[in-house]
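Colleague: Structure in structure tokens, see below.
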Amino acid sequence: MKKNIRTFSSKIFVAIIVFIVVIIGAVFAMFYFSILKTEGEVTTVLKNMKSEINNISSGSLSDNYDEMMNYIVDGQTSAIEYAMERHRSDLNYLANVIEDAYKIDAKAVYPVGLPDIKKEGKVSAQLFYENGVNINNSEIQDEINTLSVIQREIVYSVNESIGRPRCYLETESGFAFIADKTPSDKYDEDGNLKPIEFRTTDWYKNAIEADEMYVSDIIEDRLTGKKTIVLSEPFFDKTGKKRGVVCFDLYIDGITDSSLAIKNSNIYDIIIIDRNNNIVVNTSEYANTDEVEFPKIAMELVKEAREKGKGIKDFKTIRNEFVVYYNKLNIDGWMLFVALKYSAIKKNVDDANYVLDAINNDVYQRIKDYSNDAMHIIIFISLILLLLSFLLTKFIANMLMVPLNEFTKSISNVDASDLKPVEVVDSSAELYTLSTTYNGMIEKMKDYVDNIEEITAEKESMKTELKVAKKIQQDMLPKEFKKISNRKDIDIYGINIPEIEVGGDFYNYILVGNKLILIIADVSGSGVPAGLFMAKTNSLLNNAISWTTNPRTIVSYVNHALNNNNTENYFVTIALYTIDLKTRHVISVNAGHEDPIIVKNDGEVQVYREKRAAFIGVTENLKFDENEFDLEEGDTLFLYTDGVIEGINKNEELYGGKRLIDVIEKNSNKALPELAKAIKTDIDEFTKGMEQYDDITMLALRINKRDSNYRQELVNQYETTFVGSYDMIEDIGEFLNDKLLDAYNGNDEKFKKYMNKFEVCIEEIVVNIIDYAYKNGEEKIVKVTLEVDKNDDKVTVSFIDNGKEFDPTLADEPNILKDVKARKLGGLGIYITRKFMDLMNYEYINGQNVLTILKYL
Amino acid sequence: MTITKNETADTITVMLSGRLDKLSSPELDAVMKEEVAKNKNIVFDLKDLTYISSAGLRVMLATEKGAKENDKKTTVINVNPDVMDIFNVTGFTYMLDIQK
């Protein structure tokens with residue numbers, strides 16, 4: 001421990017020293033190199049300047065000037081083109097808006113009116129028309145109304161733009177709108193509208209003919225005298241017919257203000273000409289004198305510029321020599337010229353030579369001296385810093401490590417069996433916090449050691465409770481497959497393997513008379529909550545089945561009942577099958593559950609696609625369609641939950657229905673428990689190494705084939721009709737005894753022990769018939785048929801009467817555990833019969849009540 | 001069916017033999033109504049009773065109810081196996097005090 005501490009302290013020491021040395025080194029190196037660099041740069045710059053100056057004086061232009069000139073040409077070009085582009089896009093916008101107005105056949109509420117002097121000084125839209133145009137014509141009125149919807153736009157376009165005094169909208173029909181500030185100048189001295197002709201103007205004709213935006217020649221604005229151009233663009237109606245032109249008056253100085261700003265430069269002049277070589281801009285001080293009227297004396301230069309588009313050319317006048325940079329502008333034949341004055345450059349060179357000589361002789365030497373001094377100072381400061389940091393580091397390391405060592409000594413005495421707090425020896429804040437935190441931790445550790453046993457015990461008890469819950473849940477699932485299988489005509493087997501201790505899957509089967517009800521269901525979620533919901537669902541099912549065997553009624557009832565108080569929104573997928581064991585006809589309802597698999601008696605495996613409703617438990621409004629199909633001898637009905645097919649293997653593949661069908665196909669001839677086992681083994685192999693993901697539940701019913709050595713001659717049938725009252729009970733008992741003796745060749749060994757039960761059942765059934773089916777005074781006739789099947793020692797007795805329809809099996813089951821006082825008299829007879837016989841079934845056939853009881857001997 | 005009674009100071013013993021069914025139970029019912037009215041403990045001796053149906057059970061239940069209202073006990077003795085079967089499936093073994 002101690003050894004480590006020493007190492008740690010010296011590590012801090014070394015680290016700080018290294019850090020400081022590196023920083024000082026870096027600073028030193030930086031200074032040193034920057035001084036060297038400055039020296040070198042100054043030398044180079046001076047050399048370059050000298051050679052440049054020499055170059056200029058020898059007659060050719062330096063790169064620096066060329067760069068500057070190109071910069072000016074590009075800057076001017078983009079400034080002018082940008083200004084123009086803004087007008088173009090505004091104009092194009094207006095043309096689009098106008099076309100939209102035609103398209104929708106718009107009608108303005110307030111059409112544009114004649115010029116109104118009251119509006120002088122503000123931009124307003126005004127109506128004009130050429131001589132001979134009848135503006136009262138209804139078609140023209142319509143067009144005026146349509147175009148008037150954009151009067152705000154044209155007013156706005158003048159208001160919002162500097163250098164754009166006017167906007168026109170001129171139509172083929174001969175009328176126009178003008179937006180400007182001066183309605184008054186539209187009238188002559190007599191107050192009549194001045195005549196106007198616009199369809200003959202060159203901007204109108206050119207735009208209309210060219211079908212595109214047109215830039216006019218330079219004209220003079222009649223109000224201000226300013227140089228102006230007109231920008232015009234045609235517009236069309238919805239049929240594509242040209243209807244007129246929209247245009248802007250634009251002041252030249254608004255477009256070229258960036259060039260005009262250059263006026264009277266000693267170094268260069270800017271000249272811009274239009275497509276007719278008319279001057280648009282000239283910044284030269286001699287611009288207005290004839291002798292240097294630029295295009296006139298420079299026709300050759302202009303010609304070359306128009307041919308090449310962009311370039312440089314030397315040019316001489318009486319007064320000066322120029323290097324002219326030219327560029328074609330993106331405005332209808334406009335050219336830009338920037339002329340660099342050679343005399344200006346020459347003067348600059350002479351001045352520069354003088355300064356450079358001075359630098360050479362004096363400044364350069366001084367820079368050298370300063371840099372030497374600076375270097376010495378830096379070296380001195382670095383040494384002092386190094387020494388200081390050495391001392392400081394040693395001091396800090398001592399201050400930190402000494403109290404830390406002491407603290408470590410005191411906590412090294414603590415061990416797990418004796419958890420005691422340390423005494424705080426140092427008063428510095430960090431160490432105090434460390435000590436109290438450490439002591440707090442010791443306290444928590446004590447509590448933890450105390451609690452841990454308690455927690456372990458609680459966990460154990462929870463585990464036990466879960467196990468009990470599992471047992472209770474498993475007990476809800478019927479397991480006595482043998483009891484039903486005693487029937488010999490069917491086999492049944494079910495299995496439920498919950499994902500954790502308790503789960504939401506369940507199956508159930510209930511025999512009601514001749515009807516076997518199979519149920520398979522899956523409650524959403526898993527664990528105890530799903531388990532509880534499953535228990536609720538199961539008991540509701542049992543409840544419903546006590547009064548009906550109709551699948552739709554049962555499932556509807558359970559859905560209704562589950563919807564009450566289902567605040568957690570659990571839901572259940574359920575499939576319910578009612579199988580008439582006599583006819584093997586199946587009626588089923590499927591609510592969101594997997595389709596059943598039917599294994600036909602020839603081994604063919606098929607998925608029976610059922611009409612399905614949504615899962616139950618969350619909404620009342622469900623319609624449950626019934627499915628009906630028939631099973632044959634040897635067929636197997638296989639039901640399962642999604643956990644069977646949704647196992648996932650290491651490669652994240654799904655087990656799937658196809659595999660299930662394959663494994664069922666391979667094992668279809670096996671007994672049901674073996675079949676279920678084979679499926680479970682197949683799933684386990686597939687999902688090897690993965691945890692079980694969902695509850696796995698299967699339920700299978702097989703209609704057994706009749707024994708191959710079944711012999712019809714071992715079946716005896718008898719029939720007698722009894723008339724009278726209660727006294728017929730004993731007669732029927734005797735009839736049964738006699739015929740059984742007959743069937744078993746006088747040997748009562750097989751049936752003797754059941755005779756008392758038979759007698760009681762006969763009495764209960766006959767009493768019911770006499771008391772309820774027949775009216776008082778009516779002749780009581782009961783036909784009794786008896787079938788003794790010695791193949792499997794099955795005795796079937798049917799009681800047939802002609803009384804009114806009466807189903808005794810619907811009688812309430814008495815609660816046999818009720819206290820004596822609370823218990824009703826009656827209802828017992830049918831209950832006893834049901835208990836004593838293997839089957840009791842009631843049917844109403846051809847106007848007769850047929851009650852059948854069956855007993856396997 | 002034959003009904004034989006044996007009465008002491010606080011107990012009436014009713015011995016039944018033969019079949020207690022729909023036909024014979026009204027007779028027993030009438031007898032037992034009288035006996036219950038005597039306000040004594042009742043013992044059914046079923047040594048010779050070979051048969052009982054729900055009609056007979058009803059009479060025994062009515063007797064038990066009547067006696068209980070008087071705070072008297074009803075006891076059943078000497079039950080034959082066939083009759084015991086019925087007591088078992090109907091839950092009468094829980095309601096009647098059956099002595100083995």
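Each chain of the structure tokens is named A, B, ... in the order shown, its residues numbered from 1; ligands are numbered from 1 in display order.
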Provide as a list in words the residues of chain B at most 7 Å from chain A, counting only C-alpha atoms.

Modeller: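 So the contacting residues turn out to be Leu23, Ser53, Ser54, Arg58, Lys65, Asp82, Val89, Thr90, Gly91 and Met95 of chain B.
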
Colleague: Can you pull out every residue within 8 Å of Asn649 in chain A, counting only C-alpha atoms, but drop anything in the same chain fewer than 5 positions away, and send it as number ranges by chain?

Modeller: A: 654-655, 686-690

Colleague: Using N, CA and C atoms, can you write the selected residues to a file as a PDB file, in the first residue's frame?

Modeller:
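The resulting file, selection_20.pdb, is reproduced below:
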ATOM      1  N   LEU A 654     -38.234 -17.901 -36.730  1.00  0.00           N
ATOM      2  CA  LEU A 654     -39.460 -18.277 -36.035  1.00  0.00           C
ATOM      3  C   LEU A 654     -39.725 -19.772 -36.238  1.00  0.00           C
ATOM      4  N   TYR A 655     -40.250 -20.418 -35.202  1.00  0.00           N
ATOM      5  CA  TYR A 655     -40.557 -21.836 -35.333  1.00  0.00           C
ATOM      6  C   TYR A 655     -41.595 -22.038 -36.436  1.00  0.00           C
ATOM      7  N   PHE A 686     -35.459 -26.816 -31.444  1.00  0.00           N
ATOM      8  CA  PHE A 686     -35.372 -25.633 -32.309  1.00  0.00           C
ATOM      9  C   PHE A 686     -34.899 -24.408 -31.522  1.00  0.00           C
ATOM     10  N   THR A 687     -35.426 -24.256 -30.312  1.00  0.00           N
ATOM     11  CA  THR A 687     -35.134 -23.037 -29.538  1.00  0.00           C
ATOM     12  C   THR A 687     -33.989 -23.271 -28.557  1.00  0.00           C
ATOM     13  N   LYS A 688     -33.198 -24.300 -28.792  1.00  0.00           N
ATOM     14  CA  LYS A 688     -32.095 -24.642 -27.885  1.00  0.00           C
ATOM     15  C   LYS A 688     -31.245 -23.411 -27.589  1.00  0.00           C
ATOM     16  N   GLY A 689     -30.962 -23.225 -26.289  1.00  0.00           N
ATOM     17  CA  GLY A 689     -30.098 -22.100 -25.911  1.00  0.00           C
ATOM     18  C   GLY A 689     -30.845 -20.794 -25.761  1.00  0.00           C
ATOM     19  N   MET A 690     -32.149 -20.790 -26.089  1.00  0.00           N
ATOM     20  CA  MET A 690     -32.933 -19.567 -25.926  1.00  0.00           C
ATOM     21  C   MET A 690     -33.920 -19.805 -24.780  1.00  0.00           C
TER      22      MET A 690
END

Colleague: Tell me which protein, DNA and RNA residues are within 12 Å of Pro81 in chain B, counting only C-alpha atoms, leaving out same-chain ones fewer than 3 positions away, and put them as a ChimeraX atom specification.

Modeller: /A:753-754,756-757 /B:46-52,78,84-88,100

Colleague: Just how far from CA of Gly504 in chain A is CA of Val523 in chain A, in Å to one decimal?

Modeller: 4.6 Å

Colleague: Taking the chain letters and numbering used in this document, name the residues of chain B that DSSP puts in helix (DSSP H, G or I), as a ChimeraX atom specification.

Modeller: /B:25-37,54-69,81-90,92-95

Colleague: Could you list, as JSON, numbers by chain, every residue within 12 Å of Ser539 in chain A, counting only C-alpha atoms and ignoring same-chain residues fewer than 6 positions away?

Modeller: {"A": [473, 476, 477, 506, 508, 532, 533, 545, 546, 554, 557, 558, 561, 562]}

Colleague: Which neighbours of Gln99 in chain B fall inside 9 Å, counting only C-alpha atoms, when residues of the same chain fewer than 2 positions from it are skipped, and could you give them as a PyMOL selection string?

Modeller: chain B and resi 75-79+97

Colleague: Please dump the current selection as a PDB file, in the first residue's frame; keep N, CA, C and O atoms.

Modeller:
ATOM      1  N   THR B  75     -80.482 -37.947  13.595  1.00  0.00           N
ATOM      2  CA  THR B  75     -79.341 -38.840  13.394  1.00  0.00           C
ATOM      3  C   THR B  75     -79.777 -39.981  12.484  1.00  0.00           C
ATOM      4  O   THR B  75     -80.933 -40.406  12.523  1.00  0.00           O
ATOM      5  N   VAL B  76     -78.845 -40.442  11.637  1.00  0.00           N
ATOM      6  CA  VAL B  76     -79.144 -41.567  10.744  1.00  0.00           C
ATOM      7  C   VAL B  76     -78.179 -42.701  11.085  1.00  0.00           C
ATOM      8  O   VAL B  76     -76.976 -42.465  11.203  1.00  0.00           O
ATOM      9  N   ILE B  77     -78.703 -43.894  11.245  1.00  0.00           N
ATOM     10  CA  ILE B  77     -77.813 -45.024  11.583  1.00  0.00           C
ATOM     11  C   ILE B  77     -78.073 -46.190  10.633  1.00  0.00           C
ATOM     12  O   ILE B  77     -79.096 -46.241   9.956  1.00  0.00           O
ATOM     13  N   ASN B  78     -77.095 -47.096  10.626  1.00  0.00           N
ATOM     14  CA  ASN B  78     -77.181 -48.364   9.877  1.00  0.00           C
ATOM     15  C   ASN B  78     -77.528 -48.156   8.395  1.00  0.00           C
ATOM     16  O   ASN B  78     -78.490 -48.714   7.894  1.00  0.00           O
ATOM     17  N   VAL B  79     -76.700 -47.397   7.715  1.00  0.00           N
ATOM     18  CA  VAL B  79     -77.003 -47.101   6.303  1.00  0.00           C
ATOM     19  C   VAL B  79     -76.413 -48.183   5.393  1.00  0.00           C
ATOM     20  O   VAL B  79     -75.241 -48.535   5.516  1.00  0.00           O
ATOM     21  N   ASP B  97     -76.500 -36.168  10.234  1.00  0.00           N
ATOM     22  CA  ASP B  97     -75.540 -36.776  11.164  1.00  0.00           C
ATOM     23  C   ASP B  97     -75.639 -38.279  10.994  1.00  0.00           C
ATOM     24  O   ASP B  97     -76.545 -38.925  11.530  1.00  0.00           O
TER      25      ASP B  97
END

Colleague: Tell me, in Å to one decimal, how far CA of Glu212 in chain A is from CA of Ser89 in chain A.

Modeller: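 These atoms are spaced 12.8 Å apart.
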
Colleague: Could you write out, as a PyMOL selection string, all the residues of range 768-809 of chain A that DSSP marks as strand (DSSP E)?

Modeller: chain A and resi 781-789+794-801
